[in-house]
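K.L.:
I am sharing work-v2.tsv, which consists of TSV, C-alpha atoms:
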```tsv
chain	number	residue	atom	x	y	z
A	1	MET	CA	-47.04	19.15	-31.51
A	2	SER	CA	-47.45	20.42	-27.96
A	3	GLU	CA	-46.27	17.17	-26.45
A	4	ILE	CA	-44.34	14.34	-28.02
A	5	THR	CA	-45.05	10.79	-26.94
A	6	LEU	CA	-43.41	7.42	-27.49
A	7	ALA	CA	-45.89	6.79	-30.29
A	8	ASP	CA	-44.72	9.99	-31.98
A	9	PHE	CA	-41.07	8.88	-31.71
A	10	LEU	CA	-41.99	5.55	-33.30
A	11	ALA	CA	-44.01	7.26	-36.02
A	12	ILE	CA	-41.06	9.49	-36.93
A	13	LEU	CA	-38.76	6.45	-36.95
A	14	LYS	CA	-41.18	4.63	-39.24
A	15	LYS	CA	-41.15	7.51	-41.70
A	16	CYS	CA	-37.35	7.75	-41.91
A	17	ILE	CA	-36.39	4.08	-41.28
A	18	VAL	CA	-35.23	3.56	-44.88
A	19	TYR	CA	-32.83	6.51	-44.67
A	20	VAL	CA	-31.64	5.41	-41.23
A	21	VAL	CA	-30.81	1.93	-42.51
A	22	ILE	CA	-29.11	3.17	-45.69
A	23	VAL	CA	-26.91	5.68	-43.85
A	24	ALA	CA	-26.09	3.12	-41.14
A	25	ILE	CA	-24.96	0.61	-43.79
A	26	PHE	CA	-22.79	3.18	-45.59
A	27	CYS	CA	-21.22	4.32	-42.32
A	28	ALA	CA	-20.52	0.72	-41.32
A	29	ILE	CA	-18.90	-0.02	-44.70
A	30	GLY	CA	-16.81	3.15	-44.45
A	31	ALA	CA	-15.64	2.31	-40.93
A	32	PHE	CA	-14.83	-1.27	-41.92
A	33	CYS	CA	-12.78	-0.14	-44.92
A	34	PHE	CA	-10.95	2.41	-42.77
A	35	CYS	CA	-10.02	-0.24	-40.21
A	36	LYS	CA	-8.95	-2.81	-42.81
A	37	PHE	CA	-7.21	-0.69	-45.43
A	38	ILE	CA	-6.30	2.72	-44.00
A	39	ALA	CA	-5.67	2.60	-40.25
A	40	THR	CA	-2.22	1.49	-39.09
A	41	PRO	CA	-2.65	-1.35	-36.58
A	42	THR	CA	-0.87	-1.18	-33.23
A	43	TYR	CA	-0.03	-4.09	-30.95
A	44	GLN	CA	0.53	-4.36	-27.22
A	45	ALA	CA	2.74	-6.63	-25.15
A	46	HIS	CA	2.27	-6.73	-21.37
A	47	ILE	CA	4.61	-7.48	-18.46
A	48	SER	CA	4.36	-6.95	-14.70
A	49	PHE	CA	6.63	-6.33	-11.72
A	50	ILE	CA	6.05	-6.68	-8.00
A	51	SER	CA	7.91	-4.35	-5.67
A	52	THR	CA	8.72	-4.35	-1.96
A	53	ASN	CA	11.43	-3.19	0.37
A	54	SER	CA	11.91	-6.78	1.55
A	55	GLY	CA	13.54	-9.75	-0.13
A	56	PHE	CA	11.94	-12.45	-2.23
A	57	ALA	CA	13.75	-15.44	-0.80
A	58	SER	CA	10.46	-17.32	-0.37
A	59	TYR	CA	9.19	-16.51	-3.88
A	60	ASP	CA	7.62	-19.66	-5.34
A	61	GLN	CA	5.87	-18.44	-8.54
A	62	ASP	CA	2.64	-17.88	-6.59
A	63	MET	CA	1.92	-14.15	-6.47
A	64	GLU	CA	-0.63	-14.55	-3.68
A	65	THR	CA	2.00	-16.33	-1.59
A	66	VAL	CA	4.50	-13.54	-2.23
A	67	THR	CA	2.09	-10.89	-1.01
A	68	SER	CA	1.11	-12.92	2.06
A	69	LYS	CA	4.74	-13.24	3.15
A	70	ILE	CA	5.36	-9.50	3.13
A	71	SER	CA	4.66	-7.73	6.42
A	72	GLY	CA	2.27	-4.82	6.76
A	73	THR	CA	5.18	-2.46	7.43
A	74	ASP	CA	6.90	-3.62	4.23
A	75	VAL	CA	3.70	-3.10	2.25
A	76	ALA	CA	3.23	0.44	3.58
A	77	ALA	CA	6.85	1.33	2.84
A	78	SER	CA	6.63	-0.17	-0.62
A	79	LEU	CA	3.46	1.74	-1.46
A	80	GLN	CA	5.22	4.98	-0.50
A	81	LEU	CA	8.01	4.09	-2.92
A	82	MET	CA	5.64	3.08	-5.71
A	83	SER	CA	5.83	6.42	-7.54
A	84	THR	CA	9.64	6.20	-7.45
A	85	TYR	CA	9.56	2.70	-8.94
A	86	VAL	CA	7.21	3.89	-11.68
A	87	ASP	CA	9.47	6.87	-12.47
A	88	LEU	CA	12.49	4.56	-12.73
A	89	LEU	CA	10.62	2.33	-15.17
A	90	ARG	CA	9.95	5.47	-17.24
A	91	SER	CA	13.54	6.72	-17.23
A	92	ARG	CA	15.51	7.28	-20.42
A	93	GLU	CA	18.51	5.56	-18.84
A	94	LEU	CA	16.55	2.31	-18.65
A	95	TYR	CA	15.41	2.69	-22.24
A	96	ALA	CA	18.98	3.28	-23.34
A	97	LEU	CA	19.80	-0.13	-21.86
A	98	VAL	CA	16.74	-1.60	-23.60
A	99	LYS	CA	17.84	-0.08	-26.92
A	100	GLU	CA	21.29	-1.61	-26.51
A	101	ASP	CA	19.83	-4.97	-25.48
A	102	THR	CA	17.32	-5.24	-28.34
A	103	GLY	CA	19.40	-3.63	-31.07
A	104	LEU	CA	16.25	-2.07	-32.50
A	105	ASP	CA	16.44	1.12	-34.54
A	106	TYR	CA	14.59	3.29	-32.02
A	107	SER	CA	15.85	6.17	-29.92
A	108	GLU	CA	15.42	6.20	-26.14
A	109	GLY	CA	12.68	8.78	-26.67
A	110	ASP	CA	10.89	6.54	-29.18
A	111	ILE	CA	10.91	3.63	-26.75
A	112	LYS	CA	9.72	5.88	-23.94
A	113	GLU	CA	6.72	6.91	-26.08
A	114	MET	CA	5.87	3.24	-26.66
A	115	VAL	CA	5.90	2.27	-22.99
A	116	SER	CA	3.10	2.81	-20.46
A	117	VAL	CA	3.91	2.19	-16.78
A	118	VAL	CA	1.07	2.25	-14.22
A	119	PRO	CA	0.52	0.82	-10.73
A	120	ARG	CA	-2.20	-1.84	-10.83
A	121	SER	CA	-4.10	-0.06	-8.04
A	122	GLN	CA	-3.45	2.26	-5.12
A	123	GLU	CA	-3.25	-0.69	-2.71
A	124	SER	CA	-1.33	-3.08	-4.98
A	125	LEU	CA	2.40	-3.80	-5.08
A	126	PHE	CA	2.15	-4.69	-8.77
A	127	ILE	CA	3.30	-2.44	-11.60
A	128	ASP	CA	1.96	-3.14	-15.10
A	129	VAL	CA	4.06	-2.24	-18.12
A	130	THR	CA	2.50	-2.11	-21.59
A	131	VAL	CA	4.51	-1.69	-24.79
A	132	THR	CA	2.61	-0.44	-27.85
A	133	ALA	CA	4.14	-0.64	-31.33
A	134	THR	CA	3.10	-0.98	-34.95
A	135	ASN	CA	5.32	-4.06	-35.20
A	136	PRO	CA	4.17	-6.87	-32.85
A	137	GLU	CA	7.64	-8.45	-32.76
A	138	HIS	CA	9.18	-5.18	-31.66
A	139	ALA	CA	6.57	-4.79	-28.92
A	140	ILE	CA	7.47	-8.25	-27.61
A	141	MET	CA	11.23	-7.61	-27.81
A	142	ILE	CA	11.01	-4.32	-25.90
A	143	ALA	CA	8.66	-5.78	-23.27
A	144	ASP	CA	10.88	-8.82	-22.72
A	145	SER	CA	13.96	-6.59	-22.48
A	146	ILE	CA	12.33	-4.43	-19.81
A	147	TYR	CA	11.26	-7.64	-18.06
A	148	LYS	CA	14.87	-8.86	-18.08
A	149	ILE	CA	16.60	-5.59	-17.22
A	150	GLY	CA	14.04	-3.62	-15.20
A	151	GLY	CA	14.35	-5.33	-11.84
A	152	GLU	CA	18.14	-5.16	-11.69
A	153	TYR	CA	18.14	-1.58	-12.94
A	154	MET	CA	15.73	-0.35	-10.24
A	155	ALA	CA	17.57	-2.27	-7.52
A	156	SER	CA	20.81	-0.59	-8.63
A	157	GLN	CA	19.18	2.83	-8.24
A	158	ILE	CA	17.55	2.14	-4.84
A	159	THR	CA	19.70	-0.15	-2.73
A	160	TYR	CA	16.87	-1.20	-0.39
A	161	ALA	CA	14.41	-1.86	-3.22
A	162	TYR	CA	13.54	-5.40	-4.28
A	163	ILE	CA	11.77	-5.60	-7.61
A	164	LYS	CA	10.74	-8.88	-9.16
A	165	ALA	CA	9.44	-9.38	-12.71
A	166	VAL	CA	6.50	-11.77	-12.34
A	167	ASP	CA	4.63	-11.77	-15.69
A	168	ASP	CA	6.49	-11.82	-18.99
A	169	SER	CA	4.94	-11.13	-22.38
A	170	GLY	CA	4.37	-14.82	-23.09
A	171	ASN	CA	5.93	-14.03	-26.49
A	172	LYS	CA	2.55	-12.56	-27.51
A	173	ALA	CA	1.39	-9.13	-28.66
A	174	TYR	CA	-2.29	-8.35	-29.07
A	175	GLN	CA	-3.76	-5.89	-31.56
A	176	ASN	CA	-5.35	-3.02	-29.67
A	177	TYR	CA	-6.09	-0.69	-32.60
A	178	PRO	CA	-8.20	-0.57	-34.61
A	179	ASN	CA	-11.04	-2.58	-33.07
A	180	THR	CA	-12.78	-3.39	-36.35
A	181	SER	CA	-15.99	-4.92	-34.99
A	182	PHE	CA	-16.57	-2.20	-32.38
A	183	THR	CA	-15.72	0.64	-34.77
A	184	THR	CA	-17.99	-0.75	-37.50
A	185	LEU	CA	-20.91	-1.16	-35.10
A	186	ALA	CA	-20.36	2.25	-33.52
A	187	ALA	CA	-20.25	3.94	-36.94
A	188	ALA	CA	-23.50	2.24	-37.99
A	189	VAL	CA	-25.28	3.27	-34.79
A	190	LEU	CA	-23.91	6.81	-34.93
A	191	GLY	CA	-24.80	7.30	-38.60
A	192	GLY	CA	-28.33	5.95	-38.19
A	193	GLY	CA	-28.77	7.91	-34.98
A	194	ILE	CA	-27.78	11.19	-36.64
A	195	VAL	CA	-30.31	10.65	-39.43
A	196	TYR	CA	-33.05	9.93	-36.91
A	197	MET	CA	-32.14	12.99	-34.82
A	198	ILE	CA	-32.31	15.21	-37.93
A	199	ALA	CA	-35.74	13.77	-38.77
A	200	LEU	CA	-36.86	14.30	-35.16
A	201	ILE	CA	-35.69	17.93	-35.11
A	202	ILE	CA	-37.41	18.65	-38.42
A	203	SER	CA	-40.61	17.09	-37.09
A	204	LEU	CA	-40.47	19.12	-33.87
A	205	MET	CA	-39.89	22.35	-35.78
A	206	ASP	CA	-42.76	21.65	-38.17
A	207	LYS	CA	-45.71	23.68	-36.83
A	208	THR	CA	-48.16	22.89	-39.64
A	209	ILE	CA	-51.50	21.26	-38.80
A	210	LYS	CA	-51.50	17.73	-40.15
A	211	GLY	CA	-55.09	16.75	-39.57
A	212	GLU	CA	-58.14	16.91	-37.35
A	213	LYS	CA	-56.46	14.98	-34.52
A	214	ASP	CA	-53.44	17.29	-34.57
A	215	PHE	CA	-55.79	20.32	-34.43
A	216	ARG	CA	-57.75	18.89	-31.50
A	217	ASP	CA	-54.51	18.09	-29.63
A	218	ASN	CA	-53.10	21.61	-29.98
A	219	TYR	CA	-56.13	23.90	-29.89
A	220	ASP	CA	-59.10	24.02	-27.55
A	221	ILE	CA	-61.46	25.22	-30.32
A	222	PRO	CA	-64.61	23.45	-31.56
A	223	ILE	CA	-64.35	21.92	-35.04
A	224	LEU	CA	-67.33	22.74	-37.26
A	225	GLY	CA	-66.21	20.67	-40.25
A	226	ASN	CA	-63.43	19.83	-42.70
A	227	ILE	CA	-62.58	21.71	-45.89
A	228	PRO	CA	-62.36	19.11	-48.65
A	229	ASN	CA	-59.33	18.82	-50.88
A	230	PHE	CA	-60.94	19.60	-54.26
A	231	ARG	CA	-57.80	18.81	-56.27
A	232	LEU	CA	-57.53	15.40	-54.68
A	233	ALA	CA	-61.23	14.77	-55.22
A	234	ALA	CA	-60.91	15.74	-58.90
A	235	ARG	CA	-58.01	13.34	-59.39
A	236	GLU	CA	-59.98	10.58	-57.72
A	237	GLU	CA	-62.94	11.20	-60.05
A	238	LYS	CA	-60.72	10.97	-63.14
A	239	LYS	CA	-59.54	7.54	-62.01
```
Kindly present the structure from the file in structure tokens form.

P.N.:
Amino acid sequence: MSEITLADFLAILKKCIVYVVIVAIFCAIGAFCFCKFIATPTYQAHISFISTNSGFASYDQDMETVTSKISGTDVAASLQLMSTYVDLLRSRELYALVKEDTGLDYSEGDIKEMVSVVPRSQESLFIDVTVTATNPEHAIMIADSIYKIGGEYMASQITYAYIKAVDDSGNKAYQNYPNTSFTTLAAAVLGGGIVYMIALIISLMDKTIKGEKDFRDNYDIPILGNIPNFRLAAREEKK
């Protein structure tokens, strides 16, 4: 083929559709079995803090109200301290306190590996903390412990810092891995797609002439006639 058109893509798909479907089904089954019987699920519990260099005397459970009562100077100063707050929430000293508070059989390093601490955005005063564990109850316990201890710990390290825990875990941990439905669908699409790509590559590399139309499309040479297929004609006569 000198040029490949949409019709050619569809024709190739039509030829290999059975193989595409079969491979897609097997890949989907394999991915589903992996998610259900092999992969170790992990769970996440989420908490949040809000930080400023001003007090929270007017805090009334409305986060929008809290932000509106902080001056622009306080916001700017707090944003400059945000990286320090994040580092404190990642410190081993805090996780040693969490270990003692929860009584769980994890080292400070283990807990540190479970915890993700990120600012919500570059302009936000909120810090989001996510705890990931294979045991959902442990994820909740660690998150709630950080929620309880974190504010006081950071305030003890920076005397002019005011940190307030505003969102607890809600006593809930959500499974984040594996995502069975997404993984199964992705495996089916990937498996079927690979089969189709192989068929497409083979078709593009095949330079044989497949008929009069293919000859006319690729060569600017007059066609005088067709050479009959005598073997096919003989078989047809026997029928």

K.L.:
Considering all atoms listed in the file, return as a PyMOL selection string whatever protein or nucleic-acid residues lie within 7 Å of Pro119 of chain A, sequence-local ones (same chain, fewer than 3 positions apart) excluded.

P.N.:
chain A and resi 126-128

K.L.:
Near segment 86-98 of chain A, counting all atoms listed in the file, which residues have an atom at most 7 Å away, once you skip same-chain residues fewer than 5 positions from it, shown as a PDB file with C-alpha atoms, in the coordinates of the input?

P.N.:
```pdb
ATOM      1  CA  GLU A 108      15.420   6.200 -26.140  1.00  0.00           C
ATOM      2  CA  ILE A 111      10.910   3.630 -26.750  1.00  0.00           C
ATOM      3  CA  LYS A 112       9.720   5.880 -23.940  1.00  0.00           C
ATOM      4  CA  VAL A 117       3.910   2.190 -16.780  1.00  0.00           C
ATOM      5  CA  VAL A 118       1.070   2.250 -14.220  1.00  0.00           C
ATOM      6  CA  ILE A 142      11.010  -4.320 -25.900  1.00  0.00           C
ATOM      7  CA  SER A 145      13.960  -6.590 -22.480  1.00  0.00           C
ATOM      8  CA  ILE A 146      12.330  -4.430 -19.810  1.00  0.00           C
ATOM      9  CA  GLY A 150      14.040  -3.620 -15.200  1.00  0.00           C
ATOM     10  CA  MET A 154      15.730  -0.350 -10.240  1.00  0.00           C
TER      11      MET A 154
END
```

K.L.:
I'd like the contact shell of Met114 of chain A - 9 Å cut-off, only C-alpha atoms, skipping same-chain residues fewer than 6 positions apart - returned as a list in words.

P.N.:
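Non-adjacent residues within range: Thr130, Val131, Thr132, Ala133 and Ala139 of chain A.
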
K.L.:
Grab the atom CA of Tyr85 of chain A to atom CA of Lys148 of chain A distance for me, in Å with one decimal place.

P.N.:
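If I compute the distance from atom CA of Tyr85 of chain A to atom CA of Lys148 of chain A, I get 15.7 Å.
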
K.L.:
As a list of chain:residue names, please: the residues near segment 21-28 of chain A (cut-off 8 Å, only C-alpha atoms, same-chain neighbours under 6 positions excluded).

P.N.:
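Once the adjacent positions are removed, what remains is A:Thr184, A:Leu185, A:Ala186, A:Ala187, A:Ala188, A:Val189, A:Leu190, A:Gly191, A:Gly192, A:Val195.
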